[in-house]
Amino acid sequence: QLQLVESGGGLVQPGGSLRLSCVASGIILRIDSMAWYRQAPGKERELVSSLTLSSTNYLSTNYADSVKGRFTISRDNAKNTVNLQMNSLKPEDTAVYYCNFGGVTTPSNLYARDYWGQGTQVTVSS
């Protein structure tokens, strides 16, 4: 069973930076996308940023309007890792951040499915 483990959350002052990482344990045969979502108290989970691989292995990235220019998503395929560099953080960025690996097949499960991490808390406050 593939597991995703997030790290890097914490408390930071407005204007500060954090770097989130998500590492997948186990062997991945195929993966279609990597993404970060967040969920603030009382709100629905929303997409923050995503990486998508096309059939030609072209990498495309996508960002929510609220984080464009401040957040950067990156990956390390060799280490099954996706990162989210968050700069110029604002109080409204406070949320639990979840990583998601989409369209994943593994040696024990050849049917593509999504996997989620357990979440890491990011709090932006003075």
# chains A, B, ... in the order shown; residues from 1 in each chain; ligands from 1

$ residues_around --residues "Gln118 of chain A" --least-positions-apart "2" --cutoff "8 Å" --atoms "only C-alpha atoms" --output "number ranges by chain"
A: 4-6, 98, 116, 120

$ write_last_selection --atoms "N, CA, C and O atoms" --output "PDB file, in the first residue's frame"
ATOM      1  N   LEU A   4       1.645   8.363   1.492  1.00  0.00           N
ATOM      2  CA  LEU A   4       2.207   9.689   1.289  1.00  0.00           C
ATOM      3  C   LEU A   4       2.381  10.355   2.649  1.00  0.00           C
ATOM      4  O   LEU A   4       1.445  10.363   3.452  1.00  0.00           O
ATOM      5  N   VAL A   5       3.573  10.899   2.880  1.00  0.00           N
ATOM      6  CA  VAL A   5       3.855  11.541   4.162  1.00  0.00           C
ATOM      7  C   VAL A   5       4.308  12.969   3.894  1.00  0.00           C
ATOM      8  O   VAL A   5       5.306  13.201   3.203  1.00  0.00           O
ATOM      9  N   GLU A   6       3.542  13.926   4.478  1.00  0.00           N
ATOM     10  CA  GLU A   6       3.874  15.339   4.311  1.00  0.00           C
ATOM     11  C   GLU A   6       4.728  15.819   5.473  1.00  0.00           C
ATOM     12  O   GLU A   6       4.643  15.291   6.590  1.00  0.00           O
ATOM     13  N   TYR A  98      -2.737  19.205   2.056  1.00  0.00           N
ATOM     14  CA  TYR A  98      -2.713  17.792   1.714  1.00  0.00           C
ATOM     15  C   TYR A  98      -2.028  17.595   0.362  1.00  0.00           C
ATOM     16  O   TYR A  98      -2.304  18.332  -0.592  1.00  0.00           O
ATOM     17  N   TRP A 116      -3.715  10.070  -1.037  1.00  0.00           N
ATOM     18  CA  TRP A 116      -3.691  11.306  -0.266  1.00  0.00           C
ATOM     19  C   TRP A 116      -2.766  11.180   0.938  1.00  0.00           C
ATOM     20  O   TRP A 116      -2.674  10.109   1.550  1.00  0.00           O
ATOM     21  N   THR A 120      -0.782  18.413   6.673  1.00  0.00           N
ATOM     22  CA  THR A 120       0.136  19.126   7.561  1.00  0.00           C
ATOM     23  C   THR A 120      -0.402  20.539   7.772  1.00  0.00           C
ATOM     24  O   THR A 120      -0.851  21.189   6.824  1.00  0.00           O
TER      25      THR A 120
END

$ residues_around --residues "Leu59 of chain A" --least-positions-apart "4" --cutoff "12 Å" --atoms "only C-alpha atoms" --output "NGL selection string"
:A and (32-34 or 50-55 or 73-75 or 77)

$ atom_distance --atom1 "atom CA of Ser108 of chain A" --atom2 "atom CA of Val23 of chain A"
18.5 Å

$ select_by_dssp --residues "chain A" --states "strand (DSSP E or B)" --output "ChimeraX atom specification"
/A:3-7,10-12,18-25,30,33-39,46-53,59-63,71-76,81-86,95-106,109-117,120-124

$ select_by_dssp --residues "chain A" --states "helix (DSSP H, G or I)" --output "PyMOL selection string"
chain A and resi 77-79+91-93

$ write_last_selection --atoms "N, CA, C and O atoms" --output "compact mmCIF listing (two decimals), in the first residue's frame"
# COMPACT_ATOMS: atom_id res chain seq x y z
N ASN A 77 11.15 13.09 -9.21
CA ASN A 77 10.60 11.78 -9.54
C ASN A 77 11.41 10.64 -8.98
O ASN A 77 10.89 9.61 -8.58
N ALA A 78 12.75 10.83 -8.98
CA ALA A 78 13.61 9.76 -8.50
C ALA A 78 13.34 9.44 -7.04
O ALA A 78 13.56 8.32 -6.59
N LYS A 79 12.84 10.44 -6.31
CA LYS A 79 12.57 10.25 -4.89
C LYS A 79 11.07 10.23 -4.61
O LYS A 79 10.66 10.27 -3.45
N PRO A 91 -2.15 35.48 6.23
CA PRO A 91 -3.02 34.78 7.18
C PRO A 91 -4.07 33.91 6.49
O PRO A 91 -4.43 32.85 7.01
N GLU A 92 -4.53 34.32 5.33
CA GLU A 92 -5.55 33.54 4.62
C GLU A 92 -4.99 32.26 4.01
O GLU A 92 -5.76 31.45 3.47
N ASP A 93 -3.68 32.06 4.08
CA ASP A 93 -3.09 30.80 3.65
C ASP A 93 -3.17 29.73 4.75
O ASP A 93 -2.81 28.58 4.52

$ closest_residue --among "A:Leu2, A:Ala64, A:Cys99, A:Leu18" --to "Ala35 of chain A" --atoms "only C-alpha atoms"
A:Cys99

$ residues_around --residues "Gly10 of chain A" --least-positions-apart "2" --cutoff "8 Å" --atoms "only C-alpha atoms" --output "list in words"
Gly8, Val12, Leu18, Thr120, Gln121, Val122 and Thr123 of chain A

$ atom_distance --atom1 "atom CA of Thr72 of chain A" --atom2 "atom CA of Gly117 of chain A"
18.9 Å

$ closest_residue --among "A:Ala40, A:Leu29, A:Val48, A:Val96" --to "Leu84 of chain A" --atoms "only C-alpha atoms"
A:Val48

$ closest_residue --among "A:Gln39, A:Ser21, A:Asn100, A:Asn83" --to "Arg113 of chain A" --atoms "only C-alpha atoms"
A:Asn100

$ decode --residues "segment 20-56 of chain A" --atoms "N, CA and C atoms" --output "PDB file, in the first residue's frame"
ATOM      1  N   LEU A  20       6.874  22.843   1.969  1.00  0.00           N
ATOM      2  CA  LEU A  20       6.229  21.570   2.252  1.00  0.00           C
ATOM      3  C   LEU A  20       6.805  20.497   1.334  1.00  0.00           C
ATOM      4  N   SER A  21       6.933  19.296   1.878  1.00  0.00           N
ATOM      5  CA  SER A  21       7.379  18.158   1.081  1.00  0.00           C
ATOM      6  C   SER A  21       6.432  16.994   1.304  1.00  0.00           C
ATOM      7  N   CYS A  22       6.295  16.182   0.278  1.00  0.00           N
ATOM      8  CA  CYS A  22       5.447  14.995   0.358  1.00  0.00           C
ATOM      9  C   CYS A  22       6.202  13.854  -0.303  1.00  0.00           C
ATOM     10  N   VAL A  23       6.456  12.817   0.467  1.00  0.00           N
ATOM     11  CA  VAL A  23       7.223  11.683  -0.024  1.00  0.00           C
ATOM     12  C   VAL A  23       6.333  10.451  -0.062  1.00  0.00           C
ATOM     13  N   ALA A  24       6.393   9.737  -1.169  1.00  0.00           N
ATOM     14  CA  ALA A  24       5.627   8.499  -1.307  1.00  0.00           C
ATOM     15  C   ALA A  24       6.524   7.306  -1.022  1.00  0.00           C
ATOM     16  N   SER A  25       6.052   6.441  -0.140  1.00  0.00           N
ATOM     17  CA  SER A  25       6.795   5.212   0.131  1.00  0.00           C
ATOM     18  C   SER A  25       6.309   4.124  -0.805  1.00  0.00           C
ATOM     19  N   GLY A  26       7.198   3.277  -1.268  1.00  0.00           N
ATOM     20  CA  GLY A  26       6.800   2.213  -2.171  1.00  0.00           C
ATOM     21  C   GLY A  26       7.158   2.515  -3.609  1.00  0.00           C
ATOM     22  N   ILE A  27       6.871   1.543  -4.470  1.00  0.00           N
ATOM     23  CA  ILE A  27       7.225   1.640  -5.882  1.00  0.00           C
ATOM     24  C   ILE A  27       6.038   2.171  -6.686  1.00  0.00           C
ATOM     25  N   ILE A  28       6.302   3.179  -7.494  1.00  0.00           N
ATOM     26  CA  ILE A  28       5.282   3.747  -8.382  1.00  0.00           C
ATOM     27  C   ILE A  28       5.631   3.362  -9.811  1.00  0.00           C
ATOM     28  N   LEU A  29       4.707   2.709 -10.485  1.00  0.00           N
ATOM     29  CA  LEU A  29       4.935   2.330 -11.881  1.00  0.00           C
ATOM     30  C   LEU A  29       4.546   3.452 -12.829  1.00  0.00           C
ATOM     31  N   ARG A  30       3.467   4.130 -12.474  1.00  0.00           N
ATOM     32  CA  ARG A  30       2.966   5.197 -13.333  1.00  0.00           C
ATOM     33  C   ARG A  30       2.275   6.218 -12.452  1.00  0.00           C
ATOM     34  N   ILE A  31       2.414   7.490 -12.807  1.00  0.00           N
ATOM     35  CA  ILE A  31       1.722   8.552 -12.080  1.00  0.00           C
ATOM     36  C   ILE A  31       1.344   9.634 -13.069  1.00  0.00           C
ATOM     37  N   ASP A  32       0.155  10.141 -12.965  1.00  0.00           N
ATOM     38  CA  ASP A  32      -0.343  11.158 -13.890  1.00  0.00           C
ATOM     39  C   ASP A  32      -0.178  12.573 -13.356  1.00  0.00           C
ATOM     40  N   SER A  33      -0.281  12.745 -12.061  1.00  0.00           N
ATOM     41  CA  SER A  33      -0.228  14.097 -11.522  1.00  0.00           C
ATOM     42  C   SER A  33       0.192  14.087 -10.056  1.00  0.00           C
ATOM     43  N   MET A  34       0.707  15.218  -9.625  1.00  0.00           N
ATOM     44  CA  MET A  34       1.021  15.488  -8.226  1.00  0.00           C
ATOM     45  C   MET A  34       0.395  16.829  -7.895  1.00  0.00           C
ATOM     46  N   ALA A  35      -0.156  16.946  -6.715  1.00  0.00           N
ATOM     47  CA  ALA A  35      -0.850  18.185  -6.394  1.00  0.00           C
ATOM     48  C   ALA A  35      -0.841  18.463  -4.905  1.00  0.00           C
ATOM     49  N   TRP A  36      -1.090  19.723  -4.588  1.00  0.00           N
ATOM     50  CA  TRP A  36      -1.303  20.153  -3.210  1.00  0.00           C
ATOM     51  C   TRP A  36      -2.690  20.769  -3.110  1.00  0.00           C
ATOM     52  N   TYR A  37      -3.425  20.369  -2.094  1.00  0.00           N
ATOM     53  CA  TYR A  37      -4.720  20.934  -1.754  1.00  0.00           C
ATOM     54  C   TYR A  37      -4.624  21.514  -0.354  1.00  0.00           C
ATOM     55  N   ARG A  38      -5.589  22.331  -0.014  1.00  0.00           N
ATOM     56  CA  ARG A  38      -5.664  22.831   1.359  1.00  0.00           C
ATOM     57  C   ARG A  38      -7.116  22.956   1.789  1.00  0.00           C
ATOM     58  N   GLN A  39      -7.297  22.887   3.091  1.00  0.00           N
ATOM     59  CA  GLN A  39      -8.631  23.028   3.655  1.00  0.00           C
ATOM     60  C   GLN A  39      -8.551  23.870   4.914  1.00  0.00           C
ATOM     61  N   ALA A  40      -9.200  25.023   4.872  1.00  0.00           N
ATOM     62  CA  ALA A  40      -9.266  25.907   6.029  1.00  0.00           C
ATOM     63  C   ALA A  40     -10.509  25.554   6.846  1.00  0.00           C
ATOM     64  N   PRO A  41     -10.515  25.902   8.132  1.00  0.00           N
ATOM     65  CA  PRO A  41     -11.683  25.586   8.968  1.00  0.00           C
ATOM     66  C   PRO A  41     -12.971  26.143   8.373  1.00  0.00           C
ATOM     67  N   GLY A  42     -13.973  25.290   8.276  1.00  0.00           N
ATOM     68  CA  GLY A  42     -15.267  25.725   7.776  1.00  0.00           C
ATOM     69  C   GLY A  42     -15.357  25.876   6.278  1.00  0.00           C
ATOM     70  N   LYS A  43     -14.290  25.534   5.570  1.00  0.00           N
ATOM     71  CA  LYS A  43     -14.280  25.684   4.113  1.00  0.00           C
ATOM     72  C   LYS A  43     -14.040  24.342   3.435  1.00  0.00           C
ATOM     73  N   GLU A  44     -14.357  24.295   2.147  1.00  0.00           N
ATOM     74  CA  GLU A  44     -14.126  23.083   1.391  1.00  0.00           C
ATOM     75  C   GLU A  44     -12.657  22.977   0.998  1.00  0.00           C
ATOM     76  N   ARG A  45     -12.227  21.740   0.739  1.00  0.00           N
ATOM     77  CA  ARG A  45     -10.870  21.531   0.277  1.00  0.00           C
ATOM     78  C   ARG A  45     -10.727  22.144  -1.117  1.00  0.00           C
ATOM     79  N   GLU A  46      -9.620  22.843  -1.339  1.00  0.00           N
ATOM     80  CA  GLU A  46      -9.402  23.491  -2.617  1.00  0.00           C
ATOM     81  C   GLU A  46      -8.025  23.139  -3.174  1.00  0.00           C
ATOM     82  N   LEU A  47      -7.937  23.149  -4.501  1.00  0.00           N
ATOM     83  CA  LEU A  47      -6.674  22.888  -5.171  1.00  0.00           C
ATOM     84  C   LEU A  47      -5.779  24.114  -5.066  1.00  0.00           C
ATOM     85  N   VAL A  48      -4.561  23.906  -4.612  1.00  0.00           N
ATOM     86  CA  VAL A  48      -3.581  24.985  -4.514  1.00  0.00           C
ATOM     87  C   VAL A  48      -2.690  25.002  -5.753  1.00  0.00           C
ATOM     88  N   SER A  49      -2.152  23.830  -6.088  1.00  0.00           N
ATOM     89  CA  SER A  49      -1.244  23.743  -7.220  1.00  0.00           C
ATOM     90  C   SER A  49      -1.123  22.297  -7.666  1.00  0.00           C
ATOM     91  N   SER A  50      -0.822  22.105  -8.956  1.00  0.00           N
ATOM     92  CA  SER A  50      -0.694  20.746  -9.466  1.00  0.00           C
ATOM     93  C   SER A  50       0.355  20.666 -10.560  1.00  0.00           C
ATOM     94  N   LEU A  51       0.911  19.462 -10.683  1.00  0.00           N
ATOM     95  CA  LEU A  51       1.815  19.099 -11.767  1.00  0.00           C
ATOM     96  C   LEU A  51       1.143  17.981 -12.543  1.00  0.00           C
ATOM     97  N   THR A  52       1.075  18.114 -13.845  1.00  0.00           N
ATOM     98  CA  THR A  52       0.457  17.088 -14.660  1.00  0.00           C
ATOM     99  C   THR A  52       1.398  16.663 -15.770  1.00  0.00           C
ATOM    100  N   LEU A  53       1.543  15.322 -15.936  1.00  0.00           N
ATOM    101  CA  LEU A  53       2.361  14.788 -17.015  1.00  0.00           C
ATOM    102  C   LEU A  53       1.463  14.395 -18.172  1.00  0.00           C
ATOM    103  N   SER A  54       1.836  14.802 -19.361  1.00  0.00           N
ATOM    104  CA  SER A  54       1.065  14.424 -20.534  1.00  0.00           C
ATOM    105  C   SER A  54       1.614  13.123 -21.098  1.00  0.00           C
ATOM    106  N   SER A  55       0.993  12.629 -22.168  1.00  0.00           N
ATOM    107  CA  SER A  55       1.427  11.383 -22.785  1.00  0.00           C
ATOM    108  C   SER A  55       2.833  11.503 -23.358  1.00  0.00           C
ATOM    109  N   THR A  56       3.254  12.715 -23.651  1.00  0.00           N
ATOM    110  CA  THR A  56       4.604  12.924 -24.186  1.00  0.00           C
ATOM    111  C   THR A  56       5.562  13.338 -23.076  1.00  0.00           C
TER     112      THR A  56
END
